[in-house]
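Read through the structure below, which is laid out as structure tokens, and then see the notes.
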Amino acid sequence: MAGHQREKVVPDEVHQNQILRELYLRELRTQKLYTQYHVNPLRKARFLNLIHHASQEPRKKYPETQTESQEIGWDSEPLVNPERSDRRLNHLRVYNDITLYKAKMWSLGEDDRHK
């Protein structure tokens, strides 16, 4: 094709602006921006069930863990029934005369260290 070669004409700003305007108007004709959404009334019950299912915690959604990190804390029930009267498992703070005295002394800001 040794025909004639056309010289590229550099379009001026007015011509570029007209091309951009036509492109913009063409896009506006084909695209619509939807800002109001609604639920299909025929599928409203299914949609509400999906939303309710998604808002539940994983233990209620699935019978077993879905990821490795869910395995931590999945079975959160204690292995031993905690009884408050069993002294082997409960080391409660017991106040005697000396502990009450020391607690009062420390609350007043006194220090019992040797100087």
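Scheme for the structure tokens: letters A, B, ... for chains in order shown; per-chain residue numbers from 1; ligand numbers from 1 in order shown.
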
### Message
With only C-alpha atoms as the counted atoms, please give the residues lying no more than 12 Å from Pro63 in chain A, apart from itself and same-chain residues fewer than 6 positions off, as a list in words.
### Response
Glu57, Gln70, Trp74 and Asp75 of chain A

Store the residues picked out above, limited to C-alpha atoms, as a compact mmCIF listing (two decimals), in the first residue's frame.
```
# COMPACT_ATOMS: atom_id res chain seq x y z
CA GLU A 57 -22.72 -16.29 65.25
CA GLN A 70 -12.53 -21.00 64.56
CA TRP A 74 -15.48 -23.53 69.39
CA ASP A 75 -16.14 -25.84 72.33
```

### Coordinates-based distance that separates CA of Lys61 in chain A from CA of Phe47 in chain A (Å, one decimal)
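Here the two named atoms are 16.2 Å from each other.
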
If you take only C-alpha atoms and a cut-off of 12 Å, which residues of range 23-101 of chain A touch range 9-18 of chain A, and what are their nearest atom pairs and distances in Å to one decimal, in chain and number order, as a Markdown table?
```
| residue | atom | partner | partner_atom | distance |
| --- | --- | --- | --- | --- |
| A:Leu23 | CA | A:Gln18 | CA | 8.6 |
| A:Tyr24 | CA | A:Gln18 | CA | 9.8 |
| A:Leu25 | CA | A:Gln18 | CA | 10.6 |
```

### Task
Could you jot down the CA of His53 in chain A to CA of Gln66 in chain A separation for me, Å, one decimal place?
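Here the two named atoms are 15.4 Å from each other.
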